[in-house]
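Listing of query.pdb; format and content: PDB, C-alpha atoms.
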```pdb
ATOM      1  CA  MET X  10     101.817 133.877 134.764
ATOM      2  CA  GLY X  11      98.870 132.595 132.721
ATOM      3  CA  LEU X  12      97.705 130.123 135.361
ATOM      4  CA  ARG X  13      95.533 132.616 137.264
ATOM      5  CA  ASP X  14      92.264 134.167 136.201
ATOM      6  CA  GLU X  15      91.330 137.834 136.626
ATOM      7  CA  ASP X  16      90.327 137.227 140.261
ATOM      8  CA  GLY X  17      93.704 135.649 141.053
ATOM      9  CA  ARG X  18      92.340 132.111 141.297
ATOM     10  CA  ASN X  19      94.524 129.245 140.151
ATOM     11  CA  THR X  20      93.057 128.099 136.823
ATOM     12  CA  PHE X  21      95.481 125.212 136.389
ATOM     13  CA  VAL X  22      93.370 123.022 138.667
ATOM     14  CA  LEU X  23      90.245 123.946 136.739
ATOM     15  CA  MET X  24      91.921 123.162 133.405
ATOM     16  CA  THR X  25      93.143 119.750 134.507
ATOM     17  CA  ASP X  26      89.557 118.694 135.214
ATOM     18  CA  ARG X  27      88.925 118.855 131.464
ATOM     19  CA  ILE X  28      91.926 116.762 130.438
ATOM     20  CA  LYS X  29      91.049 113.241 129.358
ATOM     21  CA  ARG X  30      93.506 111.126 131.330
ATOM     22  CA  ARG X  31      92.405 107.564 130.589
ATOM     23  CA  LYS X  32      94.213 105.918 127.702
ATOM     24  CA  PRO X  33      92.215 104.013 125.099
ATOM     25  CA  ALA X  34      91.830 100.282 125.772
ATOM     26  CA  HIS X  35      94.444  99.228 123.198
ATOM     27  CA  ALA X  36      97.076 101.510 124.787
ATOM     28  CA  ARG X  37      96.542 100.560 128.435
ATOM     29  CA  LYS X  38      99.124  98.513 130.287
ATOM     30  CA  GLU X  39      97.225  96.776 133.027
ATOM     31  CA  GLU X  40      99.090  93.482 133.329
ATOM     32  CA  GLN X  41     101.986  93.142 135.754
ATOM     33  CA  LEU X  42     104.938  90.787 135.879
ATOM     34  CA  ARG X  43     106.582  90.254 139.244
ATOM     35  CA  VAL X  44     110.120  88.953 139.112
ATOM     36  CA  ARG X  45     112.499  88.128 141.934
ATOM     37  CA  LEU X  46     116.119  88.924 141.206
ATOM     38  CA  ALA X  47     119.417  89.611 142.866
ATOM     39  CA  GLU X  48     120.185  93.142 143.991
ATOM     40  CA  SER X  49     123.166  93.214 141.628
ATOM     41  CA  HIS X  50     120.957  92.308 138.668
ATOM     42  CA  MET X  51     118.514  95.059 139.578
ATOM     43  CA  ALA X  52     121.349  97.570 139.716
ATOM     44  CA  GLU X  53     122.519  96.489 136.264
ATOM     45  CA  PHE X  54     119.009  96.791 134.825
ATOM     46  CA  GLN X  55     118.555 100.239 136.358
ATOM     47  CA  ALA X  56     121.900 101.434 135.027
ATOM     48  CA  ALA X  57     121.115 100.151 131.532
ATOM     49  CA  ALA X  58     117.694 101.835 131.563
ATOM     50  CA  ALA X  59     119.257 105.094 132.717
ATOM     51  CA  ARG X  60     121.860 104.906 129.924
ATOM     52  CA  ALA X  61     119.041 104.320 127.430
ATOM     53  CA  GLY X  62     117.167 107.309 128.859
ATOM     54  CA  ILE X  63     113.983 105.353 129.533
ATOM     55  CA  SER X  64     112.184 103.998 132.573
ATOM     56  CA  LEU X  65     113.137 100.643 134.021
ATOM     57  CA  SER X  66     109.705  99.321 133.074
ATOM     58  CA  ALA X  67     110.118 100.425 129.445
ATOM     59  CA  TRP X  68     113.642  99.005 129.278
ATOM     60  CA  VAL X  69     112.613  95.605 130.638
ATOM     61  CA  THR X  70     109.531  95.481 128.392
ATOM     62  CA  GLU X  71     111.536  96.329 125.267
ATOM     63  CA  ARG X  72     114.226  93.755 126.001
ATOM     64  CA  LEU X  73     111.843  90.955 126.960
ATOM     65  CA  LEU X  74     109.655  91.573 123.906
ATOM     66  CA  ARG X  75     112.697  91.536 121.625
ATOM     67  CA  CYS X  76     113.885  88.213 123.062
ATOM     68  CA  ALA X  77     110.417  86.639 123.053
ATOM     69  CA  ARG X  78     109.754  87.647 119.449
ATOM     70  CA  GLN X  79     113.128  86.346 118.335
ATOM     71  CA  GLU X  80     112.593  83.012 120.087
ATOM     72  CA  ASN X  81     109.062  82.733 118.698
ATOM     73  CA  ARG X  82     110.343  83.369 115.145
ATOM     74  CA  GLN X  83     113.051  80.739 115.576
ATOM     75  CA  GLU X  84     110.513  78.245 116.890
ATOM     76  CA  LYS X  85     108.251  78.822 113.892
ATOM     77  CA  GLN X  86     111.154  78.390 111.470
ATOM     78  CA  GLU X  87     112.256  75.166 113.159
ATOM     79  CA  ASN X  88     108.728  73.781 113.047
ATOM     80  CA  ARG X  89     108.486  74.518 109.292
ATOM     81  CA  HIS X  90     111.605  72.468 108.611
ATOM     82  CA  ASP X  91     110.315  69.385 110.452
TER      83      ASP X  91
END
```
Show the structure stored in the file as structure tokens.
Amino acid sequence: MGLRDEDGRNTFVLMTDRIKRRKPAHARKEEQLRVRLAESHMAEFQAAAARAGISLSAWVTERLLRCARQENRQEKQENRHD
């Protein structure tokens, strides 16, 4: 395969040293949210994430962001009518 050089050394390790692994600051996810929940709720979340074909973290983030944005929009609209 193409992962060895002419002397038979594994070049994959050498190539990975050159890969820039750190994401730019705007793309990093460094904050964490710890949540306690029932085992049955966790199982439901995991099943839903699996059905969606994404990680549990991505599934929870997408759903929470959707709800938060919707609630924030509603709050702004209600405040405009007061």
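For the pair atom CA of Gln55 of chain X and atom CA of Val69 of chain X, the separation is 9.5 Å.
Comparing the minimum interatomic distances between Met51 of chain X and each of X:Arg31, X:Leu74, X:Arg89, X:Ser66, counting all atoms listed in the file, we find that X:Ser66 sits nearest.
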Open item on the list: Using Å and a single decimal, report how far atom CA of Gln83 of chain X sits from atom CA of Ala67 of chain X.
Closed with: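 That distance, rounded to one decimal, is 24.3 Å.
Across the structure, atom CA of Arg82 of chain X and atom CA of Gln41 of chain X are spaced 24.3 Å apart.
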TODO: Can you work out which one of X:Glu80, X:Ser64, X:Gln86, X:Leu73 has the shortest atom-to-atom distance to Leu42 of chain X, counting all atoms listed in the file?
DONE: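 Comparing X:Glu80, X:Ser64, X:Gln86, X:Leu73 against Leu42 of chain X, the winner is X:Leu73.
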Task: Residue nearest Lys38 of chain X among X:His50, X:Asn88, X:Thr70, X:Leu65 (counting all atoms listed in the file) - done: X:Thr70
Where atoms are absent from segment 55-74 of chain X, fill them in so it carries N, CA and C atoms, then output it as a CSV table (one decimal), in the frame of the given file.
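Output file part-v3.csv is given in full below:
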```csv
chain,number,residue,atom,x,y,z
X,55,GLN,N,118.8,98.8,136.2
X,55,GLN,CA,118.6,100.2,136.4
X,55,GLN,C,119.6,101.1,135.6
X,56,ALA,N,120.8,100.7,135.7
X,56,ALA,CA,121.9,101.4,135.0
X,56,ALA,C,121.7,101.4,133.5
X,57,ALA,N,121.3,100.3,133.0
X,57,ALA,CA,121.1,100.2,131.5
X,57,ALA,C,119.9,101.0,131.1
X,58,ALA,N,118.9,101.0,131.9
X,58,ALA,CA,117.7,101.8,131.6
X,58,ALA,C,118.1,103.3,131.6
X,59,ALA,N,118.8,103.7,132.6
X,59,ALA,CA,119.3,105.1,132.7
X,59,ALA,C,120.1,105.5,131.5
X,60,ARG,N,121.0,104.6,131.1
X,60,ARG,CA,121.9,104.9,129.9
X,60,ARG,C,121.0,105.1,128.7
X,61,ALA,N,119.9,104.3,128.6
X,61,ALA,CA,119.0,104.3,127.4
X,61,ALA,C,118.1,105.5,127.5
X,62,GLY,N,118.0,106.1,128.7
X,62,GLY,CA,117.2,107.3,128.9
X,62,GLY,C,115.7,107.0,128.9
X,63,ILE,N,115.4,105.8,129.4
X,63,ILE,CA,114.0,105.4,129.5
X,63,ILE,C,113.8,104.8,130.9
X,64,SER,N,112.5,104.6,131.3
X,64,SER,CA,112.2,104.0,132.6
X,64,SER,C,112.6,102.5,132.6
X,65,LEU,N,112.8,102.0,133.8
X,65,LEU,CA,113.1,100.6,134.0
X,65,LEU,C,112.1,99.8,133.4
X,66,SER,N,110.8,100.1,133.6
X,66,SER,CA,109.7,99.3,133.1
X,66,SER,C,109.8,99.3,131.6
X,67,ALA,N,110.0,100.4,130.9
X,67,ALA,CA,110.1,100.4,129.4
X,67,ALA,C,111.3,99.6,129.0
X,68,TRP,N,112.4,99.7,129.7
X,68,TRP,CA,113.6,99.0,129.3
X,68,TRP,C,113.4,97.5,129.3
X,69,VAL,N,112.9,97.0,130.5
X,69,VAL,CA,112.6,95.6,130.6
X,69,VAL,C,111.6,95.1,129.6
X,70,THR,N,110.5,95.9,129.4
X,70,THR,CA,109.5,95.5,128.4
X,70,THR,C,110.1,95.4,127.0
X,71,GLU,N,110.9,96.4,126.6
X,71,GLU,CA,111.5,96.3,125.3
X,71,GLU,C,112.4,95.1,125.1
X,72,ARG,N,113.3,94.9,126.1
X,72,ARG,CA,114.2,93.8,126.0
X,72,ARG,C,113.5,92.4,126.0
X,73,LEU,N,112.6,92.2,126.9
X,73,LEU,CA,111.8,91.0,127.0
X,73,LEU,C,111.0,90.7,125.7
X,74,LEU,N,110.4,91.7,125.2
X,74,LEU,CA,109.7,91.6,123.9
X,74,LEU,C,110.6,91.2,122.8
```
